[in-house]
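**Student:** This structure is in structure tokens; I'll ask about it shortly.
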Amino acid sequence: VQLQASGGGSVQAGGSLRLSCAASGRTLSRRYMGWFRQAPGKERDIVAAIAWYGRDTYYTDSVKGRFTISRDNAKNTFYLQMNSLKPEDTAVYYCAAPMGDSSHYYYSIDPSQYQYWGRGTLVTVSS
């Protein structure tokens with residue numbers, strides 16, 4: 001499985017970006033997916049996660065109401081819509097997937113439960 005994240009860039013505070021993560025090599029339609037981010041000097045933290053059915057989602061508190069995670073299983077792609085961006089959102093964003101299928105409602109926020117990682121895409125938000 002290969003994950004390719006794209007859509008990062010530089011925006012001013014209050015702006016929006018949409019990250020995409022395209023999977024290849026195997027269908028991930030029955031797996032939960034996650035977006036993580038890592039700011040300079042900090043650990044990699046969960047941003048959002050989505051179960052394979054798409055109804056069950058998780059957001060870290062700092063992005064609730066601003067970010068939306070979604071997926072298109074037919075395209076083997078998932079997304080992170082980021083609105084009202086803040087300078088503290090500046091980080092490298094990674095998409096990730098687990099090795100195996102999961103229950104339709106299940107997702108994990110533990111990075112150790114993800115075995116496949118994209119290379120990351122840089123998001124820079126200026127004030």
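Chain labels run A, B, ... following the order of the structure tokens; each chain numbers its residues from 1, and ligands are numbered from 1 in the order shown.
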Identify all residues of segment 9-126 of chain A in strand (DSSP E or B) (DSSP on the backbone) and supply them as a tab-separated table (two decimals) with N, CA and C atoms, in the first residue's frame.

**Tutor:**
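Contents of the output file selection_18.tsv:
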chain	number	residue	atom	x	y	z
A	9	GLY	N	0.30	23.69	1.46
A	9	GLY	CA	0.76	24.94	0.90
A	9	GLY	C	0.84	26.00	1.97
A	10	SER	N	0.99	27.24	1.52
A	10	SER	CA	1.08	28.37	2.42
A	10	SER	C	-0.16	29.24	2.27
A	11	VAL	N	-0.78	29.53	3.39
A	11	VAL	CA	-1.97	30.39	3.39
A	11	VAL	C	-1.89	31.35	4.56
A	12	GLN	N	-2.71	32.37	4.47
A	12	GLN	CA	-2.81	33.30	5.59
A	12	GLN	C	-3.86	32.79	6.57
A	17	LEU	N	-7.52	25.11	3.10
A	17	LEU	CA	-6.81	24.16	2.26
A	17	LEU	C	-7.55	22.84	2.30
A	18	ARG	N	-7.42	22.07	1.24
A	18	ARG	CA	-7.98	20.73	1.22
A	18	ARG	C	-6.87	19.74	0.92
A	19	LEU	N	-6.62	18.88	1.88
A	19	LEU	CA	-5.63	17.83	1.69
A	19	LEU	C	-6.30	16.59	1.13
A	20	SER	N	-5.57	15.92	0.25
A	20	SER	CA	-6.05	14.65	-0.30
A	20	SER	C	-5.02	13.58	-0.02
A	21	CYS	N	-5.50	12.36	0.12
A	21	CYS	CA	-4.61	11.21	0.31
A	21	CYS	C	-5.10	10.10	-0.59
A	22	ALA	N	-4.33	9.82	-1.61
A	22	ALA	CA	-4.69	8.78	-2.56
A	22	ALA	C	-3.93	7.51	-2.24
A	23	ALA	N	-4.65	6.42	-2.17
A	23	ALA	CA	-4.04	5.13	-1.86
A	23	ALA	C	-3.90	4.31	-3.13
A	24	SER	N	-2.82	3.58	-3.21
A	24	SER	CA	-2.61	2.68	-4.34
A	24	SER	C	-2.03	1.37	-3.84
A	33	MET	N	-9.08	5.37	8.46
A	33	MET	CA	-7.97	6.20	7.98
A	33	MET	C	-7.78	7.37	8.93
A	34	GLY	N	-6.59	7.89	8.95
A	34	GLY	CA	-6.31	9.01	9.84
A	34	GLY	C	-5.42	10.06	9.23
A	35	TRP	N	-5.58	11.26	9.73
A	35	TRP	CA	-4.67	12.36	9.42
A	35	TRP	C	-3.94	12.73	10.72
A	36	PHE	N	-2.64	12.87	10.61
A	36	PHE	CA	-1.82	13.27	11.74
A	36	PHE	C	-1.02	14.50	11.32
A	37	ARG	N	-0.46	15.19	12.28
A	37	ARG	CA	0.41	16.31	11.96
A	37	ARG	C	1.54	16.39	12.97
A	38	GLN	N	2.63	16.95	12.47
A	38	GLN	CA	3.81	17.11	13.31
A	38	GLN	C	4.40	18.49	13.08
A	44	ARG	N	4.25	13.67	16.67
A	44	ARG	CA	3.20	13.51	15.68
A	44	ARG	C	1.89	13.21	16.40
A	45	ASP	N	0.89	14.02	16.16
A	45	ASP	CA	-0.39	13.89	16.86
A	45	ASP	C	-1.53	13.67	15.88
A	46	ILE	N	-2.55	13.00	16.37
A	46	ILE	CA	-3.75	12.78	15.58
A	46	ILE	C	-4.47	14.11	15.34
A	47	VAL	N	-4.96	14.28	14.14
A	47	VAL	CA	-5.80	15.42	13.81
A	47	VAL	C	-7.24	14.96	13.65
A	48	ALA	N	-7.42	13.92	12.85
A	48	ALA	CA	-8.77	13.41	12.58
A	48	ALA	C	-8.67	11.97	12.12
A	49	ALA	N	-9.75	11.24	12.33
A	49	ALA	CA	-9.82	9.85	11.87
A	49	ALA	C	-11.24	9.56	11.41
A	50	ILE	N	-11.35	8.58	10.53
A	50	ILE	CA	-12.66	8.24	9.99
A	50	ILE	C	-12.76	6.74	9.80
A	57	THR	N	-16.45	9.56	13.01
A	57	THR	CA	-15.24	10.37	12.84
A	57	THR	C	-14.75	10.87	14.19
A	58	TYR	N	-13.51	11.27	14.19
A	58	TYR	CA	-12.88	11.84	15.39
A	58	TYR	C	-12.12	13.09	14.97
A	59	TYR	N	-12.16	14.10	15.82
A	59	TYR	CA	-11.37	15.31	15.63
A	59	TYR	C	-10.71	15.68	16.94
A	67	PHE	N	-12.16	21.71	10.75
A	67	PHE	CA	-11.67	20.68	9.82
A	67	PHE	C	-12.76	19.64	9.62
A	68	THR	N	-12.76	19.05	8.43
A	68	THR	CA	-13.69	17.98	8.12
A	68	THR	C	-12.95	16.87	7.39
A	69	ILE	N	-13.04	15.66	7.93
A	69	ILE	CA	-12.45	14.50	7.28
A	69	ILE	C	-13.53	13.77	6.50
A	70	SER	N	-13.17	13.30	5.34
A	70	SER	CA	-14.14	12.57	4.52
A	70	SER	C	-13.39	11.56	3.66
A	71	ARG	N	-14.15	10.72	2.99
A	71	ARG	CA	-13.52	9.71	2.16
A	71	ARG	C	-14.39	9.36	0.98
A	72	ASP	N	-13.74	8.93	-0.08
A	72	ASP	CA	-14.44	8.44	-1.26
A	72	ASP	C	-13.87	7.05	-1.53
A	77	THR	N	-9.59	7.23	-1.91
A	77	THR	CA	-9.01	8.51	-1.54
A	77	THR	C	-9.74	9.07	-0.34
A	78	PHE	N	-8.98	9.73	0.55
A	78	PHE	CA	-9.67	10.46	1.60
A	78	PHE	C	-9.10	11.85	1.74
A	79	TYR	N	-9.83	12.69	2.45
A	79	TYR	CA	-9.60	14.12	2.41
A	79	TYR	C	-9.62	14.74	3.81
A	80	LEU	N	-9.01	15.91	3.88
A	80	LEU	CA	-9.11	16.74	5.08
A	80	LEU	C	-9.33	18.17	4.61
A	81	GLN	N	-10.56	18.64	4.79
A	81	GLN	CA	-10.88	20.02	4.48
A	81	GLN	C	-10.56	20.86	5.70
A	82	MET	N	-9.72	21.87	5.51
A	82	MET	CA	-9.27	22.69	6.63
A	82	MET	C	-9.70	24.13	6.39
A	91	ALA	N	2.24	22.73	10.23
A	91	ALA	CA	2.84	21.42	10.51
A	91	ALA	C	2.96	20.65	9.20
A	92	VAL	N	3.66	19.54	9.29
A	92	VAL	CA	3.62	18.56	8.21
A	92	VAL	C	2.46	17.62	8.50
A	93	TYR	N	1.59	17.45	7.54
A	93	TYR	CA	0.41	16.61	7.70
A	93	TYR	C	0.64	15.27	7.01
A	94	TYR	N	0.30	14.21	7.72
A	94	TYR	CA	0.48	12.85	7.22
A	94	TYR	C	-0.86	12.12	7.19
A	95	CYS	N	-1.06	11.37	6.11
A	95	CYS	CA	-2.19	10.47	6.11
A	95	CYS	C	-1.69	9.07	6.44
A	96	ALA	N	-2.56	8.27	7.02
A	96	ALA	CA	-2.14	6.96	7.48
A	96	ALA	C	-3.28	5.97	7.41
A	97	ALA	N	-2.90	4.70	7.27
A	97	ALA	CA	-3.88	3.62	7.19
A	97	ALA	C	-3.36	2.41	7.95
A	116	TYR	N	0.73	2.09	7.57
A	116	TYR	CA	1.07	2.71	6.29
A	116	TYR	C	0.95	4.23	6.45
A	117	TRP	N	2.00	4.91	6.00
A	117	TRP	CA	2.06	6.35	6.14
A	117	TRP	C	2.45	7.00	4.83
A	121	THR	N	2.68	16.31	3.82
A	121	THR	CA	2.55	17.53	3.04
A	121	THR	C	2.56	18.70	4.01
A	122	LEU	N	3.34	19.71	3.68
A	122	LEU	CA	3.56	20.83	4.58
A	122	LEU	C	2.45	21.86	4.45
A	123	VAL	N	1.92	22.24	5.59
A	123	VAL	CA	0.93	23.32	5.67
A	123	VAL	C	1.54	24.44	6.50
A	124	THR	N	1.60	25.61	5.93
A	124	THR	CA	2.14	26.77	6.62
A	124	THR	C	1.09	27.87	6.66
A	125	VAL	N	0.75	28.30	7.86
A	125	VAL	CA	-0.26	29.33	8.04
A	125	VAL	C	0.41	30.55	8.66
A	126	SER	N	0.34	31.65	7.97
A	126	SER	CA	0.97	32.88	8.45
A	126	SER	C	-0.09	33.81	9.05

**Student:** Report the distance between atom CA of Asn73 of chain A and atom CA of Asp89 of chain A in Å, rounded to one decimal place.

**Tutor:** 26.9 Å

**Student:** Can you work out which one of A:Thr60, A:Asn76, A:Gln2, A:Ser127 has the shortest atom-to-atom distance to Ile109 of chain A, counting only C-alpha atoms?

**Tutor:**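 Checking each candidate against Ile109 of chain A, we get A:Thr60 as the closest.
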
**Student:** Rounded to one decimal in Å, what is the spacing between atom CA of Arg31 of chain A and atom CA of Ser103 of chain A?

**Tutor:**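 Distance between the two atoms: 7.9 Å.
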
**Student:** Rounded to one decimal place, report the atom CA of Ser62 of chain A-atom CA of Gln4 of chain A distance in Å.

**Tutor:**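 The value is 24.9 Å.
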
**Student:** As a list in words, please: the residues near Met99 of chain A (cut-off 10 Å, only C-alpha atoms, same-chain neighbours under 5 positions excluded).

**Tutor:**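 In the requested form, the answer reads Val1, Leu28, Arg31, Tyr32, Gln113, Tyr114, Gln115 and Tyr116 of chain A.
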
**Student:** For a quick check of understanding, using only C-alpha atoms, which of A:Lys64, A:Ser102, A:Ser6, A:Arg55 has the smallest distance to Gly118 of chain A?

**Tutor:**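 Using only C-alpha atoms, the shortest distance to Gly118 of chain A belongs to A:Ser6.
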
**Student:** Could you give me, as a list in words, the residues within 8 Å of Tyr53 of chain A, counting only C-alpha atoms and dropping anything in the same chain fewer than 5 positions from it?

**Tutor:**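 Once the nearby chain positions are removed, what remains is Arg30, His104 and Tyr105 of chain A.
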
**Student:** Take the residues that were just selected and, keeping N, CA and C atoms, output them as an mmCIF file, in the first residue's frame.

**Tutor:**
data_model
loop_
_atom_site.group_PDB
_atom_site.id
_atom_site.type_symbol
_atom_site.label_atom_id
_atom_site.label_comp_id
_atom_site.auth_asym_id
_atom_site.auth_seq_id
_atom_site.Cartn_x
_atom_site.Cartn_y
_atom_site.Cartn_z
ATOM 1 N N ARG A 30 -12.292 -0.778 3.310
ATOM 2 C CA ARG A 30 -12.770 -1.368 4.563
ATOM 3 C C ARG A 30 -11.818 -1.098 5.715
ATOM 4 N N HIS A 104 -17.028 -1.472 10.585
ATOM 5 C CA HIS A 104 -17.465 -0.301 9.820
ATOM 6 C C HIS A 104 -17.532 0.967 10.660
ATOM 7 N N TYR A 105 -17.634 0.829 11.986
ATOM 8 C CA TYR A 105 -17.779 1.989 12.858
ATOM 9 C C TYR A 105 -16.477 2.338 13.585
#

**Student:** Do a neighbour search on Ser84 of chain A at 8 Å with only C-alpha atoms, toss out local chain neighbours closer than 3 positions, and write the hits as a list in words.

**Tutor:** Ala13, Gly14, Gly15, Ser16 and Arg66 of chain A

**Student:** Output all heavy atoms for every residue in that selection, as a CSV table (one decimal), in the first residue's frame.

**Tutor:**
chain,number,residue,atom,x,y,z
A,13,ALA,N,-3.7,33.3,7.8
A,13,ALA,CA,-4.7,32.9,8.8
A,13,ALA,C,-6.1,33.2,8.3
A,13,ALA,O,-6.4,34.2,7.7
A,13,ALA,CB,-4.4,33.6,10.1
A,14,GLY,N,-7.0,32.2,8.6
A,14,GLY,CA,-8.4,32.4,8.1
A,14,GLY,C,-8.6,31.7,6.8
A,14,GLY,O,-9.8,31.6,6.4
A,15,GLY,N,-7.6,31.3,6.1
A,15,GLY,CA,-7.7,30.7,4.8
A,15,GLY,C,-8.1,29.2,4.9
A,15,GLY,O,-8.3,28.7,6.0
A,16,SER,N,-8.2,28.6,3.8
A,16,SER,CA,-8.6,27.2,3.7
A,16,SER,C,-7.6,26.4,2.8
A,16,SER,O,-7.1,26.9,1.8
A,16,SER,CB,-10.0,27.0,3.1
A,16,SER,OG,-11.0,27.7,4.0
A,66,ARG,N,-13.7,23.3,12.5
A,66,ARG,CA,-12.9,23.9,11.4
A,66,ARG,C,-12.5,22.9,10.3
A,66,ARG,O,-12.4,23.3,9.2
A,66,ARG,CB,-11.7,24.6,12.0
A,66,ARG,CG,-12.0,25.7,13.0
A,66,ARG,CD,-10.7,26.4,13.4
A,66,ARG,NE,-9.7,25.6,14.0
A,66,ARG,CZ,-8.4,25.4,13.6
A,66,ARG,NH1,-8.1,26.0,12.5
A,66,ARG,NH2,-7.6,24.7,14.2
